$ cat structure-v9.tsv   # TSV, C-alpha atoms
chain	number	residue	atom	x	y	z
A	267	MET	CA	20.36	21.91	-9.07
A	268	TYR	CA	21.63	25.27	-10.51
A	269	ARG	CA	24.27	23.55	-12.58
A	270	SER	CA	21.71	21.23	-14.07
A	271	LEU	CA	19.61	24.13	-15.24
A	272	VAL	CA	22.56	25.84	-16.95
A	273	CYS	CA	23.25	22.69	-18.94
A	274	LYS	CA	19.74	22.59	-20.23
A	275	ILE	CA	19.78	26.13	-21.59
A	276	LYS	CA	23.21	25.88	-23.15
A	277	SER	CA	21.94	24.30	-26.31
A	278	PRO	CA	19.37	26.99	-27.23
A	279	ILE	CA	22.04	29.66	-26.83
A	280	ALA	CA	24.22	27.92	-29.39
A	281	VAL	CA	21.30	27.83	-31.81
A	282	TYR	CA	20.77	31.52	-31.47
A	283	HIS	CA	24.45	32.25	-32.03
A	284	PHE	CA	24.33	30.30	-35.26
A	285	LEU	CA	21.14	31.86	-36.57
A	286	PHE	CA	22.10	35.43	-35.79
A	287	LEU	CA	25.78	35.42	-36.63
A	288	ARG	CA	25.27	38.39	-38.98
A	289	LYS	CA	24.61	40.62	-35.98
A	290	SER	CA	21.59	42.28	-37.47
A	291	ARG	CA	19.49	44.50	-35.27
A	292	ILE	CA	16.81	41.83	-35.26
A	293	ALA	CA	19.34	39.28	-34.14
A	294	ARG	CA	20.57	41.54	-31.37
A	295	LEU	CA	16.99	42.13	-30.32
A	296	SER	CA	16.26	38.40	-30.23
A	297	TYR	CA	19.48	37.71	-28.33
A	298	SER	CA	18.48	40.29	-25.79
A	299	LEU	CA	15.14	38.60	-25.40
A	300	ILE	CA	16.81	35.29	-24.90
A	301	VAL	CA	19.09	36.71	-22.25
A	302	LEU	CA	16.07	38.21	-20.53
A	303	ASN	CA	14.36	34.86	-20.74
A	304	LEU	CA	17.35	33.14	-19.24
A	305	ILE	CA	17.60	35.64	-16.44
A	306	PHE	CA	13.92	35.23	-15.81
A	307	SER	CA	14.17	31.47	-15.87
A	308	LEU	CA	17.09	31.48	-13.49
A	309	ALA	CA	15.29	33.84	-11.16
A	310	VAL	CA	12.22	31.67	-10.82
A	311	THR	CA	13.91	28.30	-10.50
A	312	ALA	CA	16.01	28.79	-7.38
A	313	GLU	CA	14.52	25.70	-5.77
A	314	THR	CA	15.62	24.87	-2.27
A	315	VAL	CA	14.91	21.74	-0.30
A	316	ILE	CA	15.74	21.62	3.40
A	317	GLU	CA	15.67	18.43	5.44
A	318	GLN	CA	14.04	19.74	8.59
A	319	SER	CA	14.19	16.31	10.18
A	320	PRO	CA	15.33	12.92	8.86
A	321	LEU	CA	13.08	9.91	8.66
A	322	ASP	CA	13.61	8.72	12.21
A	323	PHE	CA	12.18	5.37	13.28
A	324	GLY	CA	13.04	6.15	16.88
A	325	SER	CA	14.33	3.44	19.20
A	326	ILE	CA	13.21	-0.15	18.98
A	327	ALA	CA	13.83	-3.40	20.82
A	328	LEU	CA	13.84	-6.69	18.99
A	329	LYS	CA	12.38	-9.69	20.78
A	330	ASP	CA	13.49	-12.07	18.07
A	331	ASN	CA	15.12	-12.02	14.68
A	332	ASN	CA	13.92	-15.42	13.58
A	333	GLY	CA	11.73	-13.94	10.89
A	334	ALA	CA	11.45	-10.92	8.63
A	335	TYR	CA	9.63	-8.61	10.99
A	336	GLN	CA	8.39	-5.23	9.88
A	337	TYR	CA	7.99	-1.81	11.37
A	338	ARG	CA	6.08	0.67	9.29
A	339	LEU	CA	6.09	4.38	10.05
A	340	ARG	CA	3.65	6.23	7.84
A	341	TYR	CA	4.12	9.85	6.77
A	342	THR	CA	1.12	10.59	8.97
A	343	GLY	CA	3.02	9.28	11.98
A	344	GLN	CA	0.90	6.13	12.24
A	345	VAL	CA	2.88	3.08	13.36
A	346	ILE	CA	2.23	-0.52	12.37
A	347	ASN	CA	4.67	-3.08	13.75
A	348	ASP	CA	4.98	-6.80	14.23
A	349	PRO	CA	4.79	-7.88	17.88
A	350	GLU	CA	8.43	-8.96	17.80
A	351	ILE	CA	9.42	-5.32	17.45
A	352	PHE	CA	8.88	-3.10	20.47
A	353	ILE	CA	8.82	0.66	20.11
A	354	VAL	CA	11.02	2.04	22.88
A	355	SER	CA	10.68	5.64	21.73
A	356	PRO	CA	8.46	6.74	18.86
A	357	GLY	CA	9.83	7.86	15.53
A	358	THR	CA	8.96	10.80	13.33
A	359	PRO	CA	8.44	11.00	9.56
A	360	GLY	CA	11.05	12.72	7.44
A	361	ASP	CA	10.20	16.40	7.01
A	362	TYR	CA	11.37	18.26	3.91
A	363	PHE	CA	10.61	21.91	3.26
A	364	LEU	CA	10.52	22.94	-0.39
A	365	SER	CA	10.76	26.58	-1.44
A	366	GLY	CA	11.57	28.53	-4.56
A	367	PHE	CA	9.40	26.34	-6.74
A	368	PRO	CA	6.84	27.76	-9.15
A	369	ALA	CA	3.66	28.74	-7.38
A	370	SER	CA	0.65	26.47	-7.54
A	371	THR	CA	2.53	23.88	-9.55
A	372	LEU	CA	2.05	20.14	-9.43
A	373	LEU	CA	5.21	18.39	-8.28
A	374	THR	CA	5.94	14.73	-8.81
A	375	ILE	CA	7.96	13.10	-6.07
A	376	SER	CA	9.74	9.77	-6.09
A	377	ILE	CA	11.93	8.25	-3.40
A	378	THR	CA	14.37	5.36	-3.50
A	379	SER	CA	17.14	4.14	-1.28
A	380	PRO	CA	20.33	2.57	-2.56
A	381	THR	CA	20.90	0.46	0.56
A	382	GLY	CA	19.20	-0.73	3.71
A	383	LEU	CA	19.86	0.64	7.16
A	384	VAL	CA	23.29	-0.47	8.31
A	385	GLU	CA	24.96	-0.01	11.64
A	386	SER	CA	26.53	3.37	12.01
A	387	PRO	CA	30.22	3.38	11.05
A	388	ALA	CA	30.94	5.04	14.36
A	389	SER	CA	30.25	1.73	16.09
A	390	PRO	CA	33.47	-0.07	17.04
A	391	VAL	CA	32.03	-3.49	16.21
A	392	PRO	CA	29.76	-3.24	13.18
A	393	SER	CA	26.87	-5.68	13.09
A	394	ASN	CA	26.43	-8.03	10.20
A	395	GLU	CA	22.69	-7.54	10.24
A	396	ALA	CA	20.92	-4.68	8.50
A	397	PHE	CA	17.37	-3.54	7.94
A	398	THR	CA	15.87	-3.32	4.49
A	399	ILE	CA	13.86	-0.20	3.80
A	400	SER	CA	10.92	-0.19	1.40
A	401	ASN	CA	7.43	1.08	0.73
A	402	PHE	CA	8.32	4.73	1.02
A	403	ASP	CA	5.20	6.47	2.14
A	404	TYR	CA	4.44	10.01	0.94
A	405	ILE	CA	2.08	11.90	-1.32
A	406	PRO	CA	3.59	11.40	-4.79
A	407	SER	CA	1.84	14.27	-6.54
A	408	VAL	CA	1.30	17.47	-4.68
A	409	THR	CA	0.88	21.14	-5.56
A	410	THR	CA	2.98	24.00	-4.24
A	411	ASP	CA	1.26	26.90	-2.55
A	412	VAL	CA	1.05	30.44	-3.90
A	413	ASN	CA	4.55	31.10	-2.57
A	414	GLY	CA	6.01	28.07	-4.31
A	415	GLU	CA	6.48	26.31	-1.00
A	416	LEU	CA	5.57	22.87	0.22
A	417	THR	CA	6.27	20.48	3.06
A	418	VAL	CA	6.82	16.84	2.14
A	419	LEU	CA	6.53	14.19	4.84
A	420	VAL	CA	8.13	10.80	4.27
A	421	GLY	CA	7.52	7.46	5.95
A	422	ALA	CA	8.70	3.94	5.09
A	423	THR	CA	8.87	0.34	6.23
A	424	ILE	CA	11.94	-1.33	7.67
A	425	THR	CA	12.29	-5.11	7.83
A	426	THR	CA	14.61	-7.27	9.91
A	427	SER	CA	16.99	-9.72	8.26
A	428	GLY	CA	15.37	-12.79	9.80
A	429	SER	CA	18.55	-14.31	11.20
A	430	GLY	CA	21.52	-13.33	13.29
A	431	SER	CA	21.41	-10.57	15.83
A	432	TYR	CA	21.42	-6.82	15.91
A	433	ASP	CA	23.77	-4.84	18.08
A	434	ASP	CA	22.34	-2.11	20.22
A	435	SER	CA	23.36	0.71	17.94
A	436	LEU	CA	22.35	3.34	15.44
A	437	TYR	CA	21.47	2.16	11.93
A	438	VAL	CA	21.40	4.62	9.05
A	439	THR	CA	20.87	4.96	5.34
A	440	THR	CA	20.20	7.64	2.76
A	441	MET	CA	17.29	8.23	0.45
A	442	ASN	CA	17.25	9.68	-3.03
A	443	ILE	CA	14.39	12.14	-3.26
A	444	ASN	CA	13.55	13.29	-6.76
A	445	ILE	CA	11.20	16.21	-7.28
A	446	SER	CA	10.14	17.07	-10.80
A	447	TYR	CA	7.66	19.39	-12.45
B	518	MET	CA	7.89	42.30	-44.57
B	519	MET	CA	10.91	39.98	-44.49
B	520	MET	CA	12.27	41.82	-41.52
B	521	LYS	CA	8.94	41.36	-39.77
B	522	ASN	CA	9.05	37.61	-40.47
B	523	LYS	CA	12.51	37.37	-39.02
B	524	MET	CA	11.33	39.22	-35.98
B	525	ILE	CA	8.42	36.84	-35.59
B	526	ARG	CA	10.70	33.88	-35.99
B	527	ALA	CA	13.06	35.37	-33.47
B	528	PHE	CA	10.27	35.78	-30.96
B	529	GLY	CA	9.15	32.28	-31.79
B	530	LEU	CA	12.54	30.85	-31.01
B	531	SER	CA	12.70	32.89	-27.90
B	532	ILE	CA	9.44	31.43	-26.71
B	533	VAL	CA	10.57	27.93	-27.58
B	534	ALA	CA	13.74	28.49	-25.64
B	535	SER	CA	11.79	29.65	-22.64
B	536	ALA	CA	9.44	26.72	-22.87
B	537	SER	CA	12.28	24.25	-23.06
B	538	ILE	CA	13.64	25.66	-19.83
B	539	GLY	CA	10.30	25.52	-18.11
B	540	ILE	CA	9.56	21.81	-18.52
B	541	ALA	CA	11.01	18.73	-16.92
B	542	ASN	CA	12.79	20.52	-14.14
B	543	ALA	CA	14.00	18.10	-11.56
B	544	VAL	CA	15.56	18.48	-8.18
B	545	ASP	CA	17.42	15.60	-6.55
B	546	ILE	CA	18.31	15.67	-2.92
B	547	THR	CA	19.61	13.17	-0.42
B	548	GLY	CA	17.54	12.47	2.64
B	549	ASN	CA	18.47	10.49	5.69
B	550	ALA	CA	16.77	7.66	7.58
B	551	GLN	CA	17.75	6.12	10.87
B	552	VAL	CA	16.69	3.76	13.63
B	553	VAL	CA	18.23	2.97	17.00
B	554	VAL	CA	18.20	-0.62	18.22
B	555	LEU	CA	17.97	-0.84	21.99
B	556	SER	CA	17.11	-4.44	22.78
B	557	THR	CA	19.08	-4.66	26.01
B	558	ILE	CA	16.91	-4.10	29.06
B	559	THR	CA	18.38	-2.02	31.83
B	560	ALA	CA	17.57	-3.10	35.37
B	561	SER	CA	19.05	-2.42	38.77
B	562	GLU	CA	18.73	-3.99	42.18
B	563	THR	CA	17.36	-1.28	44.44
B	564	ALA	CA	17.23	-3.49	47.55
B	565	SER	CA	19.03	-6.74	48.29
B	566	LEU	CA	17.00	-9.70	49.43
B	567	SER	CA	17.68	-9.79	53.15
B	568	PHE	CA	16.56	-12.35	55.69
B	569	GLY	CA	17.37	-9.88	58.44
B	570	THR	CA	19.25	-10.73	61.59
B	571	ILE	CA	18.59	-14.15	63.04
B	572	ALA	CA	19.76	-16.65	65.58
B	573	ALA	CA	20.11	-20.08	63.95
B	574	PHE	CA	20.76	-23.60	65.12
B	575	GLY	CA	21.28	-26.64	62.92
B	576	ASP	CA	21.16	-30.40	63.28
B	577	GLY	CA	23.86	-32.30	61.46
B	578	ALA	CA	22.96	-35.62	62.96
B	579	VAL	CA	19.55	-36.27	61.49
B	580	ALA	CA	18.78	-35.60	57.87
B	581	GLY	CA	15.65	-33.53	57.45
B	582	ASN	CA	15.79	-31.87	60.84
B	583	THR	CA	15.80	-28.34	59.51
B	584	SER	CA	14.06	-25.02	59.99
B	585	THR	CA	13.12	-22.66	57.18
B	586	LEU	CA	12.77	-18.91	57.13
B	587	THR	CA	10.53	-17.63	54.33
B	588	MET	CA	10.69	-14.05	53.09
B	589	PRO	CA	7.62	-13.35	50.93
B	590	ALA	CA	8.10	-11.24	47.84
B	591	ASP	CA	5.12	-9.06	48.65
B	592	GLY	CA	6.72	-7.66	51.79
B	593	SER	CA	4.14	-9.12	54.15
B	594	GLY	CA	6.82	-10.23	56.57
B	595	SER	CA	8.86	-13.32	57.20
B	596	SER	CA	7.83	-16.51	58.90
B	597	VAL	CA	9.69	-19.50	60.35
B	598	ALA	CA	8.69	-23.13	59.98
B	599	LEU	CA	10.12	-26.21	61.65
B	600	ASP	CA	10.51	-28.75	58.86
B	601	ALA	CA	11.17	-31.77	61.09
B	602	GLY	CA	12.44	-32.61	64.56
B	603	THR	CA	12.14	-30.16	67.39
B	604	VAL	CA	13.29	-26.60	68.04
B	605	ALA	CA	16.03	-28.15	70.11
B	606	ASP	CA	17.32	-29.80	66.95
B	607	SER	CA	17.10	-26.81	64.59
B	608	ASN	CA	15.61	-23.42	64.91
B	609	ILE	CA	15.60	-19.90	63.49
B	610	VAL	CA	14.71	-16.90	65.62
B	611	VAL	CA	14.21	-13.58	63.89
B	612	ILE	CA	15.97	-10.78	65.71
B	613	ALA	CA	15.52	-8.08	63.05
B	614	GLU	CA	13.14	-8.33	60.14
B	615	GLY	CA	14.56	-8.44	56.63
B	616	ASN	CA	13.04	-7.46	53.34
B	617	PRO	CA	12.47	-8.86	49.86
B	618	GLY	CA	14.78	-8.00	47.02
B	619	SER	CA	13.61	-5.21	44.80
B	620	PHE	CA	14.46	-4.50	41.17
B	621	GLU	CA	13.68	-1.64	38.83
B	622	VAL	CA	13.53	-1.83	35.05
B	623	THR	CA	14.01	1.48	33.29
B	624	GLY	CA	14.01	2.64	29.72
B	625	ALA	CA	12.28	-0.40	28.25
B	626	ALA	CA	9.52	-0.13	25.70
B	627	PRO	CA	6.38	1.44	27.18
B	628	ASN	CA	3.50	-0.91	27.92
B	629	ALA	CA	5.56	-3.87	26.77
B	630	VAL	CA	5.17	-7.36	28.14
B	631	LEU	CA	8.35	-8.47	29.87
B	632	THR	CA	9.14	-11.94	31.13
B	633	VAL	CA	10.95	-12.12	34.46
B	634	ALA	CA	12.51	-15.33	35.73
B	635	ILE	CA	14.63	-16.09	38.78
B	636	SER	CA	17.07	-18.91	39.22
B	637	GLY	CA	20.10	-19.88	41.25
B	638	GLY	CA	20.58	-20.61	44.90
B	639	GLY	CA	20.59	-24.19	46.11
B	640	VAL	CA	22.25	-26.25	48.81
B	641	ASP	CA	24.89	-24.40	50.79
B	642	ALA	CA	24.19	-21.30	48.71
B	643	LEU	CA	24.55	-18.84	51.58
B	644	THR	CA	27.99	-18.87	53.11
B	645	ASP	CA	30.18	-16.75	55.31
B	646	PRO	CA	32.88	-15.50	52.95
B	647	SER	CA	35.19	-14.76	55.87
B	648	SER	CA	35.28	-18.31	57.19
B	649	ALA	CA	35.31	-21.68	55.49
B	650	THR	CA	34.45	-23.43	58.72
B	651	ASP	CA	31.17	-21.65	59.32
B	652	HIS	CA	27.88	-23.40	58.72
B	653	THR	CA	25.95	-22.72	55.55
B	654	PHE	CA	22.33	-22.18	54.64
B	655	ASP	CA	20.38	-23.59	51.76
B	656	PHE	CA	18.89	-20.73	49.83
B	657	THR	CA	16.21	-20.65	47.17
B	658	PRO	CA	14.91	-17.50	45.52
B	659	SER	CA	11.21	-17.97	45.18
B	660	GLY	CA	8.30	-15.79	44.39
B	661	ILE	CA	8.24	-12.63	42.36
B	662	TYR	CA	5.89	-9.87	43.32
B	663	TYR	CA	4.61	-7.27	40.91
B	664	THR	CA	1.33	-5.64	41.85
B	665	THR	CA	-0.87	-8.70	41.72
B	666	ASN	CA	1.69	-11.33	40.78
B	667	GLY	CA	2.48	-12.99	44.07
B	668	SER	CA	3.76	-16.43	43.29
B	669	GLY	CA	5.88	-18.37	40.91
B	670	ASN	CA	9.44	-18.01	39.75
B	671	THR	CA	8.46	-16.71	36.32
B	672	PHE	CA	5.89	-14.13	35.38
B	673	THR	CA	5.06	-11.74	32.62
B	674	SER	CA	3.82	-8.25	33.09
B	675	ASP	CA	3.63	-4.91	31.34
B	676	THR	CA	5.95	-2.00	31.78
B	677	ASP	CA	4.25	1.28	32.49
B	678	ALA	CA	3.74	4.11	30.05
B	679	THR	CA	7.32	5.27	30.56
B	680	GLY	CA	8.88	1.85	30.10
B	681	ASN	CA	9.57	1.28	33.78
B	682	MET	CA	8.67	-1.65	36.02
B	683	VAL	CA	9.41	-2.50	39.66
B	684	PHE	CA	9.19	-5.99	41.08
B	685	ASN	CA	10.24	-7.81	44.24
B	686	VAL	CA	11.84	-11.18	44.79
B	687	GLY	CA	11.38	-13.33	47.88
B	688	GLY	CA	13.11	-16.48	48.99
B	689	THR	CA	13.64	-19.16	51.58
B	690	LEU	CA	16.56	-19.88	53.86
B	691	THR	CA	16.96	-23.29	55.47
B	692	THR	CA	19.35	-24.54	58.10
B	693	ASN	CA	21.75	-27.18	56.95
B	694	ASP	CA	21.52	-30.82	57.98
B	695	THR	CA	24.58	-32.17	56.23
B	696	GLY	CA	28.19	-31.36	55.73
B	697	THR	CA	31.28	-31.34	57.83
B	698	THR	CA	30.85	-28.04	59.57
B	699	ILE	CA	27.63	-28.81	61.36
B	700	ALA	CA	27.65	-31.17	64.29
B	701	ALA	CA	24.98	-32.48	66.58
B	702	ALA	CA	21.49	-31.20	67.15
B	703	GLY	CA	21.24	-27.59	68.21
B	704	ASP	CA	24.65	-26.62	66.86
B	705	PRO	CA	24.64	-22.81	66.69
B	706	TYR	CA	25.66	-20.91	63.60
B	707	ASP	CA	28.59	-18.51	63.96
B	708	ASP	CA	27.83	-14.82	64.17
B	709	ALA	CA	28.59	-13.64	60.66
B	710	THR	CA	27.08	-12.26	57.50
B	711	TYR	CA	26.11	-15.05	55.14
B	712	THR	CA	25.83	-14.12	51.51
B	713	GLY	CA	24.93	-15.66	48.20
B	714	THR	CA	23.70	-14.73	44.77
B	715	TYR	CA	20.83	-15.55	42.46
B	716	THR	CA	19.97	-14.65	38.90
B	717	VAL	CA	17.13	-12.52	37.59
B	718	SER	CA	16.49	-12.70	33.85
B	719	ILE	CA	14.33	-10.09	32.14
B	720	SER	CA	13.42	-10.30	28.49
B	721	TYR	CA	10.89	-9.08	25.95

$ encode --input "structure-v9.tsv" --output "structure tokens"
Amino acid sequence: MYRSLVCKIKSPIAVYHFLFLRKSRIARLSYSLIVLNLIFSLAVTAETVIEQSPLDFGSIALKDNNGAYQYRLRYTGQVINDPEIFIVSPGTPGDYFLSGFPASTLLTISITSPTGLVESPASPVPSNEAFTISNFDYIPSVTTDVNGELTVLVGATITTSGSGSYDDSLYVTTMNINISY
Amino acid sequence: MMMKNKMIRAFGLSIVASASIGIANAVDITGNAQVVVLSTITASETASLSFGTIAAFGDGAVAGNTSTLTMPADGSGSSVALDAGTVADSNIVVIAEGNPGSFEVTGAAPNAVLTVAISGGGVDALTDPSSATDHTFDFTPSGIYYTTNGSGNTFTSDTDATGNMVFNVGGTLTTNDTGTTIAAAGDPYDDATYTGTYTVSISY
């Protein structure tokens, strides 16, 4: 995050060096302003995102895997599941705390996942079956508060493979969460 | 005047630089998602199906001359019936009352419909493991009891709000009328503990 910001401001610095190579007083004044601007920009863009809890679908039991059965956990906590999927213990939406963002600023959020949920590598006998994850559920455009803080809740839908069997095990994946403003 | 223009341009560039920093900021983070699959149902036998202590006599001479001890799943107490012949041919006398088998399901999905089925038993299913020459009993697990489910070898019912469920299994025990170890009418069974197994299947 910090490194990305430095790359963006590198180009304007080079422009200023070129324009004010003669080291006039005006140039020095402008350079000072730029430095102040950069310091200011760096100071106000120390964004931090903390995963307070992952998107956890809880524990489920599968009656059958003879079809693509779905289990949807909304960011509100609401659960919608096919009858072939039993909820053994309820899940919780992903909880992400954002801070250090500009106050009262509209953020645009997008979420993708590179893979489905696969059996945890810690399992001695990995299962061939995985869950696909889709329909990420969250508020895509939301405004930070006066302190530049915000809590983002994330839900999604997981779907069974429709054939084969699932081991009793933990299945995991990662999500790419992009926040822009 | 020229110096002033340069100063204005400098400020202008400064502002542009600031603006270029302020737009299109993006933060990318990696989140995690997980689910635990727990399809296996955990159950334990909290009480073995016991027909109690009995005195038993069999009739190996006439097919069908048997007596049957029934242990209801609901715990209402056992009863003995003479299937054919007379009590001199075959008989069961209860000395100490037994009890139905009891099973407890734990950790299943709350308020989930489970299907329970029993199978196994059969002819000569209860034997004395310590002696091959002892008589045998025919044994049939029959009847599953769960609150209001009192009959049948298969039933469906809901787990409670914590995912638990308790049910009982009854059965019948019948004196043998065939085989090499039983002789004439009124042949007494040896004093021994006769055992056998049956299968309980529980599924979503």

$ residues_near_point --input "structure-v9.tsv" --point "(7.5, 1.5, 32.1)" --cutoff "12 Å" --atoms "only C-alpha atoms" --output "list in words"
Val354 and Ser355 of chain A; Ile558, Thr559, Ala560, Glu621, Val622, Thr623, Gly624, Ala625, Ala626, Pro627, Asn628, Ala629, Val630, Leu631, Ser674, Asp675, Thr676, Asp677, Ala678, Thr679, Gly680, Asn681, Met682, Val683 and Phe684 of chain B

$ closest_atom_pairs --input "structure-v9.tsv" --of "chain B" --to "chain A" --cutoff "6 Å" --atoms "only C-alpha atoms" --output "CSV"
residue,atom,partner,partner_atom,distance
B:Ala527,CA,A:Ser296,CA,5.5
B:Ser531,CA,A:Ile300,CA,5.6
B:Ala541,CA,A:Tyr447,CA,5.6
B:Asn542,CA,A:Ser446,CA,5.5
B:Ala543,CA,A:Ser446,CA,4.1
B:Val544,CA,A:Ile445,CA,5.0
B:Asp545,CA,A:Asn444,CA,4.5
B:Ile546,CA,A:Ile443,CA,5.3
B:Thr547,CA,A:Asn442,CA,5.0
B:Gly548,CA,A:Met441,CA,4.8
B:Asn549,CA,A:Thr440,CA,4.4
B:Ala550,CA,A:Leu321,CA,4.5
B:Gln551,CA,A:Val438,CA,4.3
B:Val552,CA,A:Phe323,CA,4.8
B:Val553,CA,A:Leu436,CA,4.4
B:Val554,CA,A:Asp434,CA,4.8
B:Leu555,CA,A:Asp434,CA,4.9
B:Ser556,CA,A:Ala327,CA,4.0
B:Ala626,CA,A:Val354,CA,3.9
B:Tyr721,CA,A:Lys329,CA,5.4

$ atom_distance --input "structure-v9.tsv" --atom1 "CA of Ala700 in chain B" --atom2 "CA of Glu614 in chain B"
27.4 Å

$ residues_around --input "structure-v9.tsv" --residues "Pro658 in chain B" --least-positions-apart "2" --cutoff "8 Å" --atoms "all atoms listed in the file" --output "list of chain:residue names"
B:Ile635, B:Ser636, B:Gly637, B:Gly638, B:Phe656, B:Gly660, B:Asn670, B:Val686, B:Gly687, B:Gly688, B:Thr689, B:Tyr715

$ atom_distance --input "structure-v9.tsv" --atom1 "CA of Gly366 in chain A" --atom2 "CA of Thr417 in chain A"
12.3 Å

$ closest_residue --input "structure-v9.tsv" --among "B:Leu599, B:Leu586, B:Gly577, B:Val633" --to "Thr673 in chain B" --atoms "only C-alpha atoms"
B:Val633

$ residues_around --input "structure-v9.tsv" --residues "Ser431 in chain A" --least-positions-apart "2" --cutoff "8 Å" --atoms "all atoms listed in the file" --output "PDB file with C-alpha atoms, in the coordinates of the input"
ATOM      1  CA  ASN A 331      15.120 -12.020  14.680  1.00  0.00           C
ATOM      2  CA  SER A 393      26.870  -5.680  13.090  1.00  0.00           C
ATOM      3  CA  ASN A 394      26.430  -8.030  10.200  1.00  0.00           C
ATOM      4  CA  GLU A 395      22.690  -7.540  10.240  1.00  0.00           C
ATOM      5  CA  SER A 429      18.550 -14.310  11.200  1.00  0.00           C
ATOM      6  CA  ASP A 433      23.770  -4.840  18.080  1.00  0.00           C
TER       7      ASP A 433
END

$ atom_distance --input "structure-v9.tsv" --atom1 "CA of Val418 in chain A" --atom2 "CA of Ile405 in chain A"
7.7 Å

$ closest_residue --input "structure-v9.tsv" --among "A:Thr342, A:Ser365, A:Asn347, A:Gln318" --to "Leu416 in chain A" --atoms "all atoms listed in the file"
A:Ser365

$ residues_around --input "structure-v9.tsv" --residues "range 650-652 of chain B" --least-positions-apart "3" --cutoff "8 Å" --atoms "only C-alpha atoms" --output "ChimeraX atom specification"
/B:644-645,693,698-699,706-707
